[in-house]
Protein chains: 2
Amino acid sequence: MQKWRDNVRAVVPYVPGEQPNQPRMIKLNTNENPYPPSPRVEEALWQMDAQKLRLYPDPAAAELTEALARRYEVAPEQVFVGVGSDDVLALSFLTFFNGGKPILFPDITYSFYDVWAGLYRIPYCTRPLDEEFRLAEADYFGENGGIVLANPNAPTGLAMPLEGIRRILDHNRDVIVIVDEAYIDFGGESAVSLIPEYDNLLVVQTFSKSRSLAGVRIGFALGQPELICCLRDVKYSFNSYTMNAAAIKLGTAAVEDEAYFRETTGKIIATRERTKEELSKLGFLFPDSSSNFIFATHPQLPARKLFEALREEHIYVRYFDRPRIDSYLRITIGTDQEMDIFLAFVRDYAAKQNGS
Amino acid sequence: MQKWRDNVRAVVPYVPGEQPNQPRMIKLNTNENPYPPSPRVEEALWQMDAQKLRLYPDPAAAELTEALARRYEVAPEQVFVGVGSDDVLALSFLTFFNGGKPILFPDITYSFYDVWAGLYRIPYCTRPLDEEFRLAEADYFGENGGIVLANPNAPTGLAMPLEGIRRILDHNRDVIVIVDEAYIDFGGESAVSLIPEYDNLLVVQTFSKSRSLAGVRIGFALGQPELICCLRDVKYSFNSYTMNAAAIKLGTAAVEDEAYFRETTGKIIATRERTKEELSKLGFLFPDSSSNFIFATHPQLPARKLFEALREEHIYVRYFDRPRIDSYLRITIGTDQEMDIFLAFVRDYAAKQNGS
């Protein structure tokens, strides 16, 4: 019938994660920050000049790039910004994983790595995590076309010590190692400190979690200037203007409020530690999270059923119907009050299950 | 030395177009709108809730999609939005030009078509425009893997009659024909009216020119629901959240102010027609522009020299150092006052050249 369909790219149709919008819901399903962005973001919004929106934004997003350079104590030439860390990571795959050898990443990790590899026809091999979701460094010591590791890992929340990252870098001086630190501000050790030593290290972070700006879509990469230059060359070669004027202004305001950043990440960490204790008391098991979520399983409570029971109460968590992790729930850390409501429901639910 | 370089994607390093920022400059170089966006955009900016930026934006950008559907009298399932028309066009190439046969476009056209073809390894053939920059329809009647045409064309400004687009569509029912209408609101006949008849037609437009929102990065595609569904499937398969909360809000406000849109595009058209007359009097030659720029050459005034002389006065126009068009300047239509200053300078410059 429609012959043009022969030329259409075949993909597995994908439905984006549920973004429920109930008035009194408790939303613990997409790892958003429960606290609003810095008050400086609101000020920056008020100060935006609508008249100037007729002009193209600065393609280099210099204002934001320079604010990040100051914050991370690197040169502006060491910073690349993009439309969320998905954009930055996808572009990094396109730029750096262009050899014929397979790239490596764990079997349980961020679900877009294999998607981007497929998109750009990059061969890849996954390396299995152990039963406790730990990574075996030696799995990454052989020949490969590049490595991408989420640290802390998603959806497990488990962080890898910096010395492990260093050993992987030492064994892979001839390929690019991308460390995806979307959740690093909640307790892991950042690899940014290793950048001066390794010209093959690219660290990617996001404003969507620790900086409460998921709605503004900002991600960034840090690395030695040569690496960042490669990224910029590829990006400019096909799309000059991706960061809009609002993202540049609001992102800059967020990164300049270090005190607020420390306060809110500190609160989330404290709530997470308390939630861990409560979940343990209820019999849950989980890898020790260094992120803003807990990946938990329960020997008696099937994950899918608990997920559905929570959902009926408009408490949303994330369930992955995938091999090895289908008995787990990923629970974002909300406010103390939100976690109390969540825990109260689970306590009640567990009691009922035991009773029945 | 650095073996990782073997895996880096090779591109021709590209420097994005000059975005000068002089206090009293006259900026006629990137086809921006000289008028600010609709006052409703400013109101929408004031009404934005900074607190909510902690949440991911709606991945479907439903508010904006629905506003566009109402404006263009199509169903929401016929609208796809992206981060500027560059993003929409690049994704359309990736989605629809996936066969083995070469896609077709003119030799003189928007400079990113061959770049995206290269990026996604899509074979392509260019078809030469005639000496007056007109397209020969029959060049597009043979077998091919898809067609992309800018109408009005860039950087010539010349529009093609709708019947010509229809004949090309009639000869190409088995491939996708993309009509890039970045400049359509300044006088061309839009192919949107052909969508009900052709399931292989995709029309792409932008908010950067006629809606004065280059700074917010919004583009969109219209087509039959099946075509839009293919685009969404591919997009969601690798990046769920690209349109930020500001783009959704401000774009919606802009598209809902039809009166302002008609007023400002009308003013630009009037200024363009007056500028054409003045340029003709000065001896310039140009294809009859239906866009917000004029692509002009002068038998006695070398384009590059005039470009440089204007630049020294902080009057910025665009010069392309490329075969067949290196004797032309692309002059964006500014306000009447800006065009008067531009024309006065050129008049004076021409007199001096004649005198010397």
# chains A, B, ... in the order shown; residues from 1 in each chain; ligands from 1
>>> closest_atom_pairs(of="chain B", to="chain A", cutoff="6 Å", atoms="only C-alpha atoms", output="Markdown table")
| residue | atom | partner | partner_atom | distance |
| --- | --- | --- | --- | --- |
| B:Lys3 | CA | A:Asp174 | CA | 4.8 |
| B:Trp4 | CA | A:Val175 | CA | 4.4 |
| B:Asn7 | CA | A:Gly99 | CA | 4.3 |
| B:Val8 | CA | A:Phe96 | CA | 4.6 |
| B:Arg9 | CA | A:Thr95 | CA | 4.9 |
| B:Pro13 | CA | A:Asp233 | CA | 5.1 |
| B:Tyr14 | CA | A:Ser237 | CA | 5.5 |
| B:Pro36 | CA | A:Gln51 | CA | 4.7 |
| B:Glu42 | CA | A:Ala50 | CA | 5.3 |
| B:Ala50 | CA | A:Glu42 | CA | 5.3 |
| B:Gln51 | CA | A:Pro36 | CA | 4.7 |
| B:Leu53 | CA | A:Gly215 | CA | 4.5 |
| B:Arg54 | CA | A:Ser212 | CA | 4.2 |
| B:Leu55 | CA | A:Ala214 | CA | 5.3 |
| B:Tyr56 | CA | A:Gly215 | CA | 4.5 |
| B:Pro57 | CA | A:Gly215 | CA | 4.9 |
| B:Thr95 | CA | A:Arg9 | CA | 4.9 |
| B:Phe96 | CA | A:Val8 | CA | 4.6 |
| B:Phe97 | CA | A:Asn7 | CA | 5.8 |
| B:Asn98 | CA | A:Asn7 | CA | 4.6 |
| B:Gly99 | CA | A:Asn7 | CA | 4.4 |
| B:Asp174 | CA | A:Trp4 | CA | 4.6 |
| B:Val175 | CA | A:Trp4 | CA | 4.5 |
| B:Ser212 | CA | A:Arg54 | CA | 4.2 |
| B:Leu213 | CA | A:Arg54 | CA | 4.6 |
| B:Ala214 | CA | A:Tyr56 | CA | 4.7 |
| B:Gly215 | CA | A:Leu53 | CA | 4.5 |
| B:Val216 | CA | A:Asn244 | CA | 4.9 |
| B:Arg217 | CA | A:Asn244 | CA | 5.8 |
| B:Asp233 | CA | A:Pro13 | CA | 5.1 |
| B:Tyr236 | CA | A:Tyr14 | CA | 5.9 |
| B:Ser237 | CA | A:Tyr14 | CA | 5.5 |
| B:Asn244 | CA | A:Val216 | CA | 4.9 |
| B:Ala245 | CA | A:Gly215 | CA | 5.4 |
>>> write_last_selection(atoms="C-alpha atoms", output="mmCIF file, in the first residue's frame")
data_model
loop_
_atom_site.group_PDB
_atom_site.id
_atom_site.type_symbol
_atom_site.label_atom_id
_atom_site.label_comp_id
_atom_site.auth_asym_id
_atom_site.auth_seq_id
_atom_site.Cartn_x
_atom_site.Cartn_y
_atom_site.Cartn_z
ATOM 1 C CA LYS B 3 44.603 6.559 20.144
ATOM 2 C CA TRP B 4 41.065 7.459 21.234
ATOM 3 C CA ASN B 7 37.137 6.519 17.264
ATOM 4 C CA VAL B 8 36.125 10.189 17.080
ATOM 5 C CA ARG B 9 33.590 11.127 14.460
ATOM 6 C CA PRO B 13 34.743 21.921 12.116
ATOM 7 C CA TYR B 14 31.993 24.494 11.781
ATOM 8 C CA PRO B 36 9.360 41.621 19.510
ATOM 9 C CA GLU B 42 5.520 38.515 27.830
ATOM 10 C CA ALA B 50 9.297 28.732 38.785
ATOM 11 C CA GLN B 51 8.290 26.212 41.475
ATOM 12 C CA LEU B 53 10.316 23.748 36.933
ATOM 13 C CA ARG B 54 11.456 20.939 39.255
ATOM 14 C CA LEU B 55 9.133 18.623 37.290
ATOM 15 C CA TYR B 56 9.773 17.154 33.841
ATOM 16 C CA PRO B 57 7.865 18.943 31.088
ATOM 17 C CA THR B 95 12.913 8.912 10.171
ATOM 18 C CA PHE B 96 11.867 9.080 6.532
ATOM 19 C CA PHE B 97 15.031 8.939 4.415
ATOM 20 C CA ASN B 98 16.061 5.488 5.441
ATOM 21 C CA GLY B 99 16.040 3.699 2.076
ATOM 22 C CA ASP B 174 6.132 6.326 -2.885
ATOM 23 C CA VAL B 175 8.560 8.555 -1.003
ATOM 24 C CA SER B 212 9.647 36.419 16.627
ATOM 25 C CA LEU B 213 10.772 33.561 18.879
ATOM 26 C CA ALA B 214 14.211 32.548 17.597
ATOM 27 C CA GLY B 215 15.404 32.668 21.221
ATOM 28 C CA VAL B 216 12.966 29.995 22.342
ATOM 29 C CA ARG B 217 13.764 27.340 19.708
ATOM 30 C CA ASP B 233 8.026 6.931 17.543
ATOM 31 C CA TYR B 236 10.575 9.045 21.824
ATOM 32 C CA SER B 237 12.804 6.073 21.105
ATOM 33 C CA ASN B 244 11.296 22.744 27.921
ATOM 34 C CA ALA B 245 8.516 24.258 30.014
#
>>> residues_around(residues="Thr65 in chain B", least_positions_apart="6", cutoff="12 Å", atoms="only C-alpha atoms", output="ChimeraX atom specification")
/B:58-59,71-82,218-222,228,243,247-249,251-253,255-256
>>> residues_around(residues="Lys281 in chain B", least_positions_apart="6", cutoff="12 Å", atoms="only C-alpha atoms", output="list in words")
Arg274, Thr275, His298, Leu343, Val346, Arg347 and Ala350 of chain B
>>> select_by_dssp(residues="range 64-143 of chain A", states="strand (DSSP E)", output="list in words")
Val79, Phe80, Val81, Gly82, Ile103, Leu104, Phe105, Pro106, Tyr124, Cys125, Thr126 and Arg127 of chain A
>>> write_last_selection(atoms="C-alpha atoms", output="compact mmCIF listing (two decimals), in the first residue's frame")
# COMPACT_ATOMS: atom_id res chain seq x y z
CA VAL A 79 32.40 22.54 29.53
CA PHE A 80 29.79 21.44 27.00
CA VAL A 81 26.08 22.09 27.60
CA GLY A 82 23.05 20.40 26.03
CA ILE A 103 31.46 -0.38 23.52
CA LEU A 104 30.86 -1.75 27.02
CA PHE A 105 28.31 -1.06 29.75
CA PRO A 106 26.57 -3.10 32.47
CA TYR A 124 28.00 -2.92 22.07
CA CYS A 125 28.41 -5.67 24.69
CA THR A 126 26.83 -5.62 28.11
CA ARG A 127 28.67 -6.94 31.18
>>> closest_residue(among="B:Val204, B:Arg311, B:Tyr319, B:Glu132", to="Leu91 in chain B", atoms="only C-alpha atoms")
B:Val204
>>> atom_distance(atom1="CA of Met339 in chain B", atom2="CA of Asp321 in chain B")
23.8 Å
>>> residues_around(residues="Asn29 in chain A", least_positions_apart="3", cutoff="6 Å", atoms="only C-alpha atoms", output="list in words")
Tyr316, Val317, Arg318 and Thr332 of chain A
>>> select_by_dssp(residues="range 31-277 of chain B", states="alpha helix (DSSP H)", output="ChimeraX atom specification")
/B:39-47,62-72,84-96,113-119,162-170,225-238,245-255,258-277
>>> residues_around(residues="Gly157 in chain B", least_positions_apart="4", cutoff="9 Å", atoms="only C-alpha atoms", output="list in words")
Asn151, Pro152, Asn153, Tyr183, Pro287, Asp288, Ser289, Ser290, Ser291, Asn292, Phe293, Ile294 and Phe295 of chain B
>>> decode(residues="range 173-259 of chain B", atoms="C-alpha atoms", output="PDB file, in the first residue's frame")
ATOM      1  CA  ARG B 173       3.721   9.017  -4.089  1.00  0.00           C
ATOM      2  CA  ASP B 174       6.132   6.326  -2.885  1.00  0.00           C
ATOM      3  CA  VAL B 175       8.560   8.555  -1.003  1.00  0.00           C
ATOM      4  CA  ILE B 176       8.258  11.317   1.567  1.00  0.00           C
ATOM      5  CA  VAL B 177       8.366  14.882   0.290  1.00  0.00           C
ATOM      6  CA  ILE B 178       9.384  17.409   2.958  1.00  0.00           C
ATOM      7  CA  VAL B 179       8.479  21.038   2.292  1.00  0.00           C
ATOM      8  CA  ASP B 180      10.506  23.304   4.556  1.00  0.00           C
ATOM      9  CA  GLU B 181       8.377  26.423   4.992  1.00  0.00           C
ATOM     10  CA  ALA B 182      10.561  28.432   7.369  1.00  0.00           C
ATOM     11  CA  TYR B 183       9.691  31.616   5.446  1.00  0.00           C
ATOM     12  CA  ILE B 184       6.187  30.822   4.200  1.00  0.00           C
ATOM     13  CA  ASP B 185       4.404  33.429   6.311  1.00  0.00           C
ATOM     14  CA  PHE B 186       6.008  36.257   4.341  1.00  0.00           C
ATOM     15  CA  GLY B 187       4.149  35.606   1.122  1.00  0.00           C
ATOM     16  CA  GLY B 188       4.404  32.052  -0.269  1.00  0.00           C
ATOM     17  CA  GLU B 189       1.527  29.600  -0.664  1.00  0.00           C
ATOM     18  CA  SER B 190       1.695  26.992   2.079  1.00  0.00           C
ATOM     19  CA  ALA B 191       1.475  23.304   1.228  1.00  0.00           C
ATOM     20  CA  VAL B 192      -0.511  22.720   4.452  1.00  0.00           C
ATOM     21  CA  SER B 193      -3.654  22.817   2.289  1.00  0.00           C
ATOM     22  CA  LEU B 194      -2.389  19.747   0.383  1.00  0.00           C
ATOM     23  CA  ILE B 195      -1.996  17.569   3.496  1.00  0.00           C
ATOM     24  CA  PRO B 196      -5.479  15.963   3.271  1.00  0.00           C
ATOM     25  CA  GLU B 197      -4.669  14.770  -0.266  1.00  0.00           C
ATOM     26  CA  TYR B 198      -1.108  13.494   0.204  1.00  0.00           C
ATOM     27  CA  ASP B 199      -0.118  10.969   2.849  1.00  0.00           C
ATOM     28  CA  ASN B 200       3.528  11.440   1.815  1.00  0.00           C
ATOM     29  CA  LEU B 201       3.726  15.202   2.464  1.00  0.00           C
ATOM     30  CA  LEU B 202       5.422  16.651   5.533  1.00  0.00           C
ATOM     31  CA  VAL B 203       5.351  20.427   5.998  1.00  0.00           C
ATOM     32  CA  VAL B 204       7.887  21.931   8.416  1.00  0.00           C
ATOM     33  CA  GLN B 205       7.665  25.438   9.859  1.00  0.00           C
ATOM     34  CA  THR B 206       9.359  27.482  12.591  1.00  0.00           C
ATOM     35  CA  PHE B 207       8.644  30.064  15.296  1.00  0.00           C
ATOM     36  CA  SER B 208      12.019  31.736  14.688  1.00  0.00           C
ATOM     37  CA  LYS B 209      11.004  34.086  11.879  1.00  0.00           C
ATOM     38  CA  SER B 210       7.324  35.060  11.589  1.00  0.00           C
ATOM     39  CA  ARG B 211       6.598  34.512  15.304  1.00  0.00           C
ATOM     40  CA  SER B 212       9.647  36.419  16.627  1.00  0.00           C
ATOM     41  CA  LEU B 213      10.772  33.561  18.879  1.00  0.00           C
ATOM     42  CA  ALA B 214      14.211  32.548  17.597  1.00  0.00           C
ATOM     43  CA  GLY B 215      15.404  32.668  21.221  1.00  0.00           C
ATOM     44  CA  VAL B 216      12.966  29.995  22.342  1.00  0.00           C
ATOM     45  CA  ARG B 217      13.764  27.340  19.708  1.00  0.00           C
ATOM     46  CA  ILE B 218      10.491  25.941  18.393  1.00  0.00           C
ATOM     47  CA  GLY B 219       9.819  24.216  15.093  1.00  0.00           C
ATOM     48  CA  PHE B 220       6.983  21.964  14.011  1.00  0.00           C
ATOM     49  CA  ALA B 221       5.884  19.524  11.352  1.00  0.00           C
ATOM     50  CA  LEU B 222       2.382  18.978   9.989  1.00  0.00           C
ATOM     51  CA  GLY B 223       1.270  15.912   8.064  1.00  0.00           C
ATOM     52  CA  GLN B 224      -1.194  13.052   8.067  1.00  0.00           C
ATOM     53  CA  PRO B 225      -1.408  11.241  11.426  1.00  0.00           C
ATOM     54  CA  GLU B 226       0.518   8.178  10.216  1.00  0.00           C
ATOM     55  CA  LEU B 227       3.497  10.318   9.240  1.00  0.00           C
ATOM     56  CA  ILE B 228       3.480  12.228  12.522  1.00  0.00           C
ATOM     57  CA  CYS B 229       3.221   8.940  14.400  1.00  0.00           C
ATOM     58  CA  CYS B 230       6.438   7.725  12.698  1.00  0.00           C
ATOM     59  CA  LEU B 231       8.225  10.923  13.784  1.00  0.00           C
ATOM     60  CA  ARG B 232       7.017  10.585  17.371  1.00  0.00           C
ATOM     61  CA  ASP B 233       8.026   6.931  17.543  1.00  0.00           C
ATOM     62  CA  VAL B 234      11.569   7.706  16.428  1.00  0.00           C
ATOM     63  CA  LYS B 235      11.865  10.761  18.673  1.00  0.00           C
ATOM     64  CA  TYR B 236      10.575   9.045  21.824  1.00  0.00           C
ATOM     65  CA  SER B 237      12.804   6.073  21.105  1.00  0.00           C
ATOM     66  CA  PHE B 238      15.905   8.100  21.974  1.00  0.00           C
ATOM     67  CA  ASN B 239      14.978  11.371  23.718  1.00  0.00           C
ATOM     68  CA  SER B 240      11.698  11.813  25.593  1.00  0.00           C
ATOM     69  CA  TYR B 241      12.021  15.360  26.875  1.00  0.00           C
ATOM     70  CA  THR B 242      13.309  18.015  24.517  1.00  0.00           C
ATOM     71  CA  MET B 243      10.801  20.895  24.675  1.00  0.00           C
ATOM     72  CA  ASN B 244      11.296  22.744  27.921  1.00  0.00           C
ATOM     73  CA  ALA B 245       8.516  24.258  30.014  1.00  0.00           C
ATOM     74  CA  ALA B 246       9.266  27.782  28.743  1.00  0.00           C
ATOM     75  CA  ALA B 247       9.133  26.752  25.079  1.00  0.00           C
ATOM     76  CA  ILE B 248       5.752  25.087  25.599  1.00  0.00           C
ATOM     77  CA  LYS B 249       4.242  28.087  27.436  1.00  0.00           C
ATOM     78  CA  LEU B 250       5.694  30.891  25.324  1.00  0.00           C
ATOM     79  CA  GLY B 251       5.120  29.086  22.030  1.00  0.00           C
ATOM     80  CA  THR B 252       1.470  28.527  22.905  1.00  0.00           C
ATOM     81  CA  ALA B 253       1.026  32.220  23.738  1.00  0.00           C
ATOM     82  CA  ALA B 254       2.607  33.253  20.429  1.00  0.00           C
ATOM     83  CA  VAL B 255       0.503  30.983  18.246  1.00  0.00           C
ATOM     84  CA  GLU B 256      -2.686  32.146  19.938  1.00  0.00           C
ATOM     85  CA  ASP B 257      -2.156  35.794  18.956  1.00  0.00           C
ATOM     86  CA  GLU B 258      -3.171  35.677  15.323  1.00  0.00           C
ATOM     87  CA  ALA B 259      -3.840  39.428  15.076  1.00  0.00           C
TER      88      ALA B 259
END
